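Asks: One structure follows; several queries about it will come next.
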Amino acid sequence: MKAENALVKSAYMLVLFVMGLTGFAQMPIFGRYYIADIPGLGWLDRYYVTHTIHYWGAIVLLALVVYCAVVYGALLRRRYRLTVTAQVRIVLLAAIVVTGIFRVVKNLPDIVFSPGFTMFIDIAHLGFMMLYILAAAGALIFGSRWLKQSVRLG
Amino acid sequence: MSLTRRNFLKTGLATACAACATQVPLPASAAPKSDRELATLIDMRKCIGCEACVDACREANELKVPEPRKPFPKMYPPRVKAEDWSEPDRRAVQDRLTPYNWTFIQEATVTVNGEETTLTFPRRCMHCQNPPCADLCPWGAARKLKNGITLIHSDICLGGSKCKSVCPWDIPQRQTGVGLYLDLLPALAGNGVMYKCDRCYQRIEQGELPACIEACPEDVQTIGPREEIVAEAHRLAKEENLYIYGETENGGTNTLYLSPVPFDQIEAAIEKGPGRPHMEPVENQMAHADNLAKAMLIAPLAGLAAAVGRVYKTVKNAEGRPEEDR
């Protein structure tokens, strides 16, 4: 179980890091601010490359989220409960996933969203990700984990 | 309406509330979209290069072109350069795409039926069916309308030029010193507004023709439902031995060209460079996104299958253990 936890945690952190990096790369900032000039990071300035990686990351993230949700619900829920910071992160992650799904749907051929809604999902997706980074940083600083052992009475 | 930072934030908040409440949009695909998308057919044999379309475009859009604030704010880092087409001599440029010139006449001297001929034809945004500029705009400033027009919202655009980078024809053109970025962080983010043909969307809304089509004395361009335009292009191509460009480029566009010679000859003969797009075959730039989107449907099922396997294994192991070990 421990090895599995470590594997899932590592995969989740790696995917989220790559998603964050390629997500921010959708804005024209890495070229402007010399990041893409760093040897080995030139790909960060290539929009189609970062977009494809972002989509692959989304595929892995969706699978991982469903896996964790089902395993927690079926096996861990009775012995562990979610910490407050975990609940905050889950809400933000859900918001990121939902806005991301809308973004993917919008990019399909033949699908047109209203301009206001397009702008909303673009900005909301970015905003929720930034809030998630803050929440994750807070959890790291205060040493808050995802799960806490339930207190059993009697 | 011009957007200030306050207006922008208010609009964003209002949009967020409205979207959450009621405005989950109806995808255009819920309706028979292809019937509603308009395409243009440009018969390159008819164009005489008179530039009436160019003049009409400039006149029809003179209120939309940028009037930048000067001096431009200093931008950081120093590699970020201002792009300025607003001085009279540059503003008057008509032989390429600029923020002030959204269509221009391109020339190709080719041999048609053994005779050297100079073909002239208007070039502008192709209005792709699945436009990468609109799909990948990080700000929602570029968007596609249900009638097949792709436009850039000049009040929202920050001028990052991503739309130009992802456009297979490098169509959008930037003007510095104008737009929303001036009210946000002009030194650190953004660089003006991107401009390109919006196929006179306001005129079309009112049932009028785009200015370039209306002004053409030779009826070079026709506009209509895409299916009809494609059918007409194929009919002419078959009957008169012509070649089509734009039907399948980038997965399909709403601008089709008809040529008496193959387009590789046109491509070899035209002057290309900044503001002067090519006529090469173009793969569907968004195909990767469409394919990966399908994989996203399977991903949760894969996660579910793995989780069910994991739960089953745990339960089975627990059943095999003595009661006190559980």
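We name chains A, B, ... following the order of the structure tokens; residues begin at 1 in each chain, and ligands are numbered from 1 as shown.
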So that I can check the surroundings of B:Leu182, please list as an MDAnalysis selection string every protein, DNA and RNA residue that reaches within 8 Å of it, counting only C-alpha atoms and ignoring chain neighbours fewer than 4 positions away.
Replies: chainID B and resid 73 177:178 186 192
Asks: Chain A residues within 9 Å of chain B, counting only C-alpha atoms: which ones, as a PDB file with N, CA and C atoms, in the first residue's frame?
Replies:
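Final file, part_39.pdb:
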```pdb
ATOM      1  N   GLN A  26       0.795  28.189 -22.616  1.00  0.00           N
ATOM      2  CA  GLN A  26      -0.198  28.611 -23.604  1.00  0.00           C
ATOM      3  C   GLN A  26      -0.244  30.129 -23.713  1.00  0.00           C
ATOM      4  N   MET A  27       0.328  30.799 -22.739  1.00  0.00           N
ATOM      5  CA  MET A  27       0.448  32.258 -22.838  1.00  0.00           C
ATOM      6  C   MET A  27       1.838  32.578 -23.414  1.00  0.00           C
ATOM      7  N   PRO A  28       1.932  33.660 -24.164  1.00  0.00           N
ATOM      8  CA  PRO A  28       3.228  33.945 -24.797  1.00  0.00           C
ATOM      9  C   PRO A  28       4.214  34.574 -23.820  1.00  0.00           C
ATOM     10  N   ILE A  29       4.601  33.819 -22.813  1.00  0.00           N
ATOM     11  CA  ILE A  29       5.479  34.393 -21.783  1.00  0.00           C
ATOM     12  C   ILE A  29       6.856  33.749 -21.739  1.00  0.00           C
ATOM     13  N   ARG A  32       9.064  35.389 -24.299  1.00  0.00           N
ATOM     14  CA  ARG A  32       9.327  36.779 -23.939  1.00  0.00           C
ATOM     15  C   ARG A  32      10.347  36.877 -22.807  1.00  0.00           C
ATOM     16  N   TYR A  33      10.187  36.012 -21.822  1.00  0.00           N
ATOM     17  CA  TYR A  33      11.020  36.114 -20.625  1.00  0.00           C
ATOM     18  C   TYR A  33      12.205  35.141 -20.610  1.00  0.00           C
ATOM     19  N   TYR A  34      12.686  34.771 -21.781  1.00  0.00           N
ATOM     20  CA  TYR A  34      13.948  34.026 -21.950  1.00  0.00           C
ATOM     21  C   TYR A  34      13.912  32.591 -21.414  1.00  0.00           C
ATOM     22  N   ARG A  46       6.897  26.496 -28.109  1.00  0.00           N
ATOM     23  CA  ARG A  46       6.233  25.926 -29.297  1.00  0.00           C
ATOM     24  C   ARG A  46       4.826  25.510 -28.892  1.00  0.00           C
ATOM     25  N   TYR A  47       3.872  26.337 -29.335  1.00  0.00           N
ATOM     26  CA  TYR A  47       2.506  26.201 -28.819  1.00  0.00           C
ATOM     27  C   TYR A  47       1.866  24.848 -29.114  1.00  0.00           C
ATOM     28  N   TYR A  48       2.095  24.320 -30.312  1.00  0.00           N
ATOM     29  CA  TYR A  48       1.465  23.037 -30.635  1.00  0.00           C
ATOM     30  C   TYR A  48       2.066  21.906 -29.790  1.00  0.00           C
ATOM     31  N   HIS A  51       0.704  22.324 -26.260  1.00  0.00           N
ATOM     32  CA  HIS A  51      -0.730  22.009 -26.276  1.00  0.00           C
ATOM     33  C   HIS A  51      -0.940  20.502 -26.287  1.00  0.00           C
ATOM     34  N   THR A  52      -0.158  19.790 -27.101  1.00  0.00           N
ATOM     35  CA  THR A  52      -0.281  18.331 -27.172  1.00  0.00           C
ATOM     36  C   THR A  52       0.092  17.702 -25.826  1.00  0.00           C
ATOM     37  N   TYR A  55      -2.671  18.148 -23.343  1.00  0.00           N
ATOM     38  CA  TYR A  55      -3.773  17.204 -23.574  1.00  0.00           C
ATOM     39  C   TYR A  55      -3.416  15.810 -23.040  1.00  0.00           C
ATOM     40  N   TRP A  56      -2.185  15.369 -23.286  1.00  0.00           N
ATOM     41  CA  TRP A  56      -1.760  14.068 -22.749  1.00  0.00           C
ATOM     42  C   TRP A  56      -1.812  14.093 -21.230  1.00  0.00           C
ATOM     43  N   ALA A  58      -3.777  15.832 -19.440  1.00  0.00           N
ATOM     44  CA  ALA A  58      -5.188  15.790 -19.036  1.00  0.00           C
ATOM     45  C   ALA A  58      -5.706  14.352 -19.051  1.00  0.00           C
ATOM     46  N   ILE A  59      -5.264  13.590 -20.040  1.00  0.00           N
ATOM     47  CA  ILE A  59      -5.691  12.180 -20.132  1.00  0.00           C
ATOM     48  C   ILE A  59      -5.219  11.411 -18.880  1.00  0.00           C
ATOM     49  N   VAL A  60      -3.949  11.583 -18.550  1.00  0.00           N
ATOM     50  CA  VAL A  60      -3.399  10.881 -17.373  1.00  0.00           C
ATOM     51  C   VAL A  60      -4.081  11.381 -16.104  1.00  0.00           C
ATOM     52  N   LEU A  61      -4.283  12.684 -16.011  1.00  0.00           N
ATOM     53  CA  LEU A  61      -4.898  13.257 -14.809  1.00  0.00           C
ATOM     54  C   LEU A  61      -6.321  12.738 -14.607  1.00  0.00           C
ATOM     55  N   LEU A  62      -7.087  12.675 -15.690  1.00  0.00           N
ATOM     56  CA  LEU A  62      -8.464  12.178 -15.574  1.00  0.00           C
ATOM     57  C   LEU A  62      -8.479  10.739 -15.061  1.00  0.00           C
ATOM     58  N   ALA A  63      -7.590   9.917 -15.613  1.00  0.00           N
ATOM     59  CA  ALA A  63      -7.526   8.521 -15.177  1.00  0.00           C
ATOM     60  C   ALA A  63      -7.130   8.442 -13.703  1.00  0.00           C
ATOM     61  N   LEU A  64      -6.170   9.260 -13.328  1.00  0.00           N
ATOM     62  CA  LEU A  64      -5.659   9.261 -11.952  1.00  0.00           C
ATOM     63  C   LEU A  64      -6.724   9.736 -10.960  1.00  0.00           C
ATOM     64  N   VAL A  65      -7.444  10.766 -11.333  1.00  0.00           N
ATOM     65  CA  VAL A  65      -8.486  11.320 -10.451  1.00  0.00           C
ATOM     66  C   VAL A  65      -9.577  10.281 -10.203  1.00  0.00           C
ATOM     67  N   VAL A  66     -10.013   9.623 -11.262  1.00  0.00           N
ATOM     68  CA  VAL A  66     -11.064   8.612 -11.106  1.00  0.00           C
ATOM     69  C   VAL A  66     -10.537   7.445 -10.260  1.00  0.00           C
ATOM     70  N   TYR A  67      -9.298   7.041 -10.516  1.00  0.00           N
ATOM     71  CA  TYR A  67      -8.694   5.937  -9.756  1.00  0.00           C
ATOM     72  C   TYR A  67      -8.677   6.276  -8.260  1.00  0.00           C
ATOM     73  N   CYS A  68      -8.178   7.459  -7.942  1.00  0.00           N
ATOM     74  CA  CYS A  68      -8.067   7.853  -6.527  1.00  0.00           C
ATOM     75  C   CYS A  68      -9.442   7.989  -5.881  1.00  0.00           C
ATOM     76  N   ALA A  69     -10.386   8.556  -6.611  1.00  0.00           N
ATOM     77  CA  ALA A  69     -11.730   8.759  -6.052  1.00  0.00           C
ATOM     78  C   ALA A  69     -12.372   7.412  -5.719  1.00  0.00           C
ATOM     79  N   VAL A  70     -12.235   6.443  -6.624  1.00  0.00           N
ATOM     80  CA  VAL A  70     -12.879   5.150  -6.402  1.00  0.00           C
ATOM     81  C   VAL A  70     -12.171   4.382  -5.271  1.00  0.00           C
ATOM     82  N   VAL A  71     -10.843   4.398  -5.292  1.00  0.00           N
ATOM     83  CA  VAL A  71     -10.100   3.677  -4.237  1.00  0.00           C
ATOM     84  C   VAL A  71     -10.385   4.292  -2.866  1.00  0.00           C
ATOM     85  N   ALA A  74     -14.042   3.386  -1.875  1.00  0.00           N
ATOM     86  CA  ALA A  74     -14.307   1.973  -1.607  1.00  0.00           C
ATOM     87  C   ALA A  74     -13.438   1.396  -0.487  1.00  0.00           C
ATOM     88  N   LEU A  75     -12.218   1.878  -0.350  1.00  0.00           N
ATOM     89  CA  LEU A  75     -11.305   1.230   0.596  1.00  0.00           C
ATOM     90  C   LEU A  75     -10.872   2.092   1.784  1.00  0.00           C
ATOM     91  N   ARG A 103     -12.991  23.668 -22.187  1.00  0.00           N
ATOM     92  CA  ARG A 103     -11.981  24.209 -23.112  1.00  0.00           C
ATOM     93  C   ARG A 103     -11.707  23.213 -24.241  1.00  0.00           C
ATOM     94  N   VAL A 104     -11.642  21.926 -23.863  1.00  0.00           N
ATOM     95  CA  VAL A 104     -11.398  20.884 -24.867  1.00  0.00           C
ATOM     96  C   VAL A 104     -12.593  20.801 -25.824  1.00  0.00           C
ATOM     97  N   VAL A 105     -13.786  20.859 -25.255  1.00  0.00           N
ATOM     98  CA  VAL A 105     -14.990  20.791 -26.097  1.00  0.00           C
ATOM     99  C   VAL A 105     -15.011  21.968 -27.064  1.00  0.00           C
ATOM    100  N   LYS A 106     -14.653  23.140 -26.570  1.00  0.00           N
ATOM    101  CA  LYS A 106     -14.646  24.329 -27.423  1.00  0.00           C
ATOM    102  C   LYS A 106     -13.687  24.179 -28.603  1.00  0.00           C
ATOM    103  N   ASN A 107     -12.600  23.461 -28.367  1.00  0.00           N
ATOM    104  CA  ASN A 107     -11.597  23.308 -29.427  1.00  0.00           C
ATOM    105  C   ASN A 107     -11.968  22.278 -30.482  1.00  0.00           C
ATOM    106  N   LEU A 108     -13.072  21.555 -30.260  1.00  0.00           N
ATOM    107  CA  LEU A 108     -13.487  20.584 -31.261  1.00  0.00           C
ATOM    108  C   LEU A 108     -14.072  21.310 -32.467  1.00  0.00           C
ATOM    109  N   PRO A 109     -13.972  20.709 -33.634  1.00  0.00           N
ATOM    110  CA  PRO A 109     -14.566  21.358 -34.809  1.00  0.00           C
ATOM    111  C   PRO A 109     -16.082  21.452 -34.634  1.00  0.00           C
ATOM    112  N   ASP A 110     -16.658  22.454 -35.212  1.00  0.00           N
ATOM    113  CA  ASP A 110     -18.127  22.626 -35.253  1.00  0.00           C
ATOM    114  C   ASP A 110     -18.726  23.090 -33.937  1.00  0.00           C
ATOM    115  N   ILE A 111     -17.908  23.327 -32.917  1.00  0.00           N
ATOM    116  CA  ILE A 111     -18.489  23.765 -31.645  1.00  0.00           C
ATOM    117  C   ILE A 111     -18.092  25.216 -31.388  1.00  0.00           C
ATOM    118  N   VAL A 112     -19.101  26.026 -31.188  1.00  0.00           N
ATOM    119  CA  VAL A 112     -18.878  27.460 -31.003  1.00  0.00           C
ATOM    120  C   VAL A 112     -19.538  27.886 -29.698  1.00  0.00           C
ATOM    121  N   PHE A 113     -18.771  28.463 -28.805  1.00  0.00           N
ATOM    122  CA  PHE A 113     -19.319  29.006 -27.566  1.00  0.00           C
ATOM    123  C   PHE A 113     -19.497  30.511 -27.708  1.00  0.00           C
ATOM    124  N   SER A 114     -20.332  31.061 -26.872  1.00  0.00           N
ATOM    125  CA  SER A 114     -20.512  32.516 -26.889  1.00  0.00           C
ATOM    126  C   SER A 114     -19.197  33.163 -26.440  1.00  0.00           C
ATOM    127  N   PRO A 115     -18.926  34.393 -26.902  1.00  0.00           N
ATOM    128  CA  PRO A 115     -17.657  35.027 -26.537  1.00  0.00           C
ATOM    129  C   PRO A 115     -17.488  35.189 -25.034  1.00  0.00           C
ATOM    130  N   GLY A 116     -18.571  35.554 -24.337  1.00  0.00           N
ATOM    131  CA  GLY A 116     -18.475  35.747 -22.887  1.00  0.00           C
ATOM    132  C   GLY A 116     -18.115  34.455 -22.181  1.00  0.00           C
ATOM    133  N   PHE A 117     -18.741  33.363 -22.614  1.00  0.00           N
ATOM    134  CA  PHE A 117     -18.484  32.074 -21.976  1.00  0.00           C
ATOM    135  C   PHE A 117     -17.069  31.595 -22.289  1.00  0.00           C
ATOM    136  N   THR A 118     -16.623  31.828 -23.523  1.00  0.00           N
ATOM    137  CA  THR A 118     -15.254  31.450 -23.900  1.00  0.00           C
ATOM    138  C   THR A 118     -14.249  32.146 -23.006  1.00  0.00           C
ATOM    139  N   MET A 119     -14.455  33.430 -22.826  1.00  0.00           N
ATOM    140  CA  MET A 119     -13.543  34.216 -22.004  1.00  0.00           C
ATOM    141  C   MET A 119     -13.600  33.742 -20.544  1.00  0.00           C
ATOM    142  N   PHE A 120     -14.801  33.447 -20.096  1.00  0.00           N
ATOM    143  CA  PHE A 120     -14.967  32.984 -18.718  1.00  0.00           C
ATOM    144  C   PHE A 120     -14.205  31.686 -18.474  1.00  0.00           C
ATOM    145  N   ILE A 121     -14.360  30.700 -19.375  1.00  0.00           N
ATOM    146  CA  ILE A 121     -13.674  29.422 -19.109  1.00  0.00           C
ATOM    147  C   ILE A 121     -12.160  29.572 -19.228  1.00  0.00           C
ATOM    148  N   ASP A 122     -11.712  30.422 -20.140  1.00  0.00           N
ATOM    149  CA  ASP A 122     -10.264  30.645 -20.271  1.00  0.00           C
ATOM    150  C   ASP A 122      -9.685  31.221 -18.985  1.00  0.00           C
ATOM    151  N   ILE A 123     -10.329  32.260 -18.499  1.00  0.00           N
ATOM    152  CA  ILE A 123      -9.802  32.952 -17.331  1.00  0.00           C
ATOM    153  C   ILE A 123     -10.036  32.120 -16.066  1.00  0.00           C
ATOM    154  N   ALA A 124     -11.188  31.445 -15.993  1.00  0.00           N
ATOM    155  CA  ALA A 124     -11.478  30.623 -14.820  1.00  0.00           C
ATOM    156  C   ALA A 124     -10.477  29.462 -14.722  1.00  0.00           C
TER     157      ALA A 124
END
```
Asks: Do you know which residues are at most 12 Å from A:Leu131 counting only C-alpha atoms, after dropping those on the same chain fewer than 2 positions away, and could you put them as a list of chain:residue names?
Replies: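 Result of the neighbour search: A:Gly20, A:Val88, A:Arg89, A:Ile90, A:Val91, A:Leu92, A:Leu93, A:Ala95, A:Ile96, A:Ala124, A:His125, A:Leu126, A:Gly127, A:Phe128, A:Met129, A:Ile133, A:Leu134, A:Ala135, A:Ala136, A:Ala137, A:Gly138.
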Asks: Quick one: pull the distance between atom CA of B:Arg174 and atom CA of B:Met279, Å, one decimal.
Replies: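 Those two atoms sit 21.9 Å apart.
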Asks: Excluding same-chain residues fewer than 4 positions from B:Val220, what lies within 8 Å of it counting only C-alpha atoms, as a list in words?
Replies: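 Final neighbour list, sorted by chain and number: Leu41, Ile42, Asp43, Met44, Lys46, Cys47, Ile213 and Cys216 of chain B.
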Asks: Please compute the atom CA of A:Ala86-atom CA of A:Ser10 distance, one decimal, in Å.
Replies: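 So the answer is 16.4 Å.
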Asks: Check stretch 80-111 of chain A with DSSP on the backbone and list each residue it calls alpha helix (DSSP H), as an mmCIF file with C-alpha atoms, in the first residue's frame.
Replies:
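Result written to selection_34.cif:
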```
data_model
loop_
_atom_site.group_PDB
_atom_site.id
_atom_site.type_symbol
_atom_site.label_atom_id
_atom_site.label_comp_id
_atom_site.auth_asym_id
_atom_site.auth_seq_id
_atom_site.Cartn_x
_atom_site.Cartn_y
_atom_site.Cartn_z
ATOM 1 C CA VAL A 84 -9.524 20.573 5.154
ATOM 2 C CA THR A 85 -6.700 21.493 2.767
ATOM 3 C CA ALA A 86 -7.390 18.301 0.830
ATOM 4 C CA GLN A 87 -11.038 19.306 0.484
ATOM 5 C CA VAL A 88 -10.017 22.748 -0.756
ATOM 6 C CA ARG A 89 -7.629 21.212 -3.268
ATOM 7 C CA ILE A 90 -10.261 18.744 -4.446
ATOM 8 C CA VAL A 91 -12.783 21.535 -5.058
ATOM 9 C CA LEU A 92 -10.190 23.543 -6.982
ATOM 10 C CA LEU A 93 -9.044 20.505 -8.929
ATOM 11 C CA ALA A 94 -12.646 19.745 -9.853
ATOM 12 C CA ALA A 95 -13.052 23.327 -11.056
ATOM 13 C CA ILE A 96 -9.854 23.032 -13.114
ATOM 14 C CA VAL A 97 -11.023 19.753 -14.636
ATOM 15 C CA VAL A 98 -14.519 21.047 -15.440
ATOM 16 C CA THR A 99 -13.280 24.271 -17.045
ATOM 17 C CA GLY A 100 -10.619 22.231 -18.864
ATOM 18 C CA ILE A 101 -13.274 19.906 -20.258
ATOM 19 C CA PHE A 102 -15.212 22.905 -21.558
ATOM 20 C CA ARG A 103 -11.981 24.209 -23.112
ATOM 21 C CA VAL A 104 -11.398 20.884 -24.867
ATOM 22 C CA VAL A 105 -14.990 20.791 -26.097
ATOM 23 C CA LYS A 106 -14.646 24.329 -27.423
#
```
Asks: Could you please determine the separation between atom CA of B:Ala187 and atom CA of B:Ala82 in Å, to one decimal place?
Replies: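 Between these atoms lies a distance of 11.3 Å.
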Asks: Write out as a VMD selection string the residues lying within 12 Å of stretch 232-234 of chain B, counting only C-alpha atoms and excluding same-chain residues fewer than 5 positions away.
Replies: chain B and resid 39 to 44 221 to 227 239 to 247 255 to 259
Asks: Running DSSP on the backbone, which parts of stretch 63-306 of chain B land in strand (DSSP E), as a PyMOL selection string?
Replies: chain B and resi 104-112+115-123+142-144+150-152+173-175+193-195+221-225+243-245+255-259
Asks: Between A:Ser144, A:His54, A:Tyr80, A:Gln149, which has the minimum distance to A:Leu16 (counting only C-alpha atoms)?
Replies: A:His54
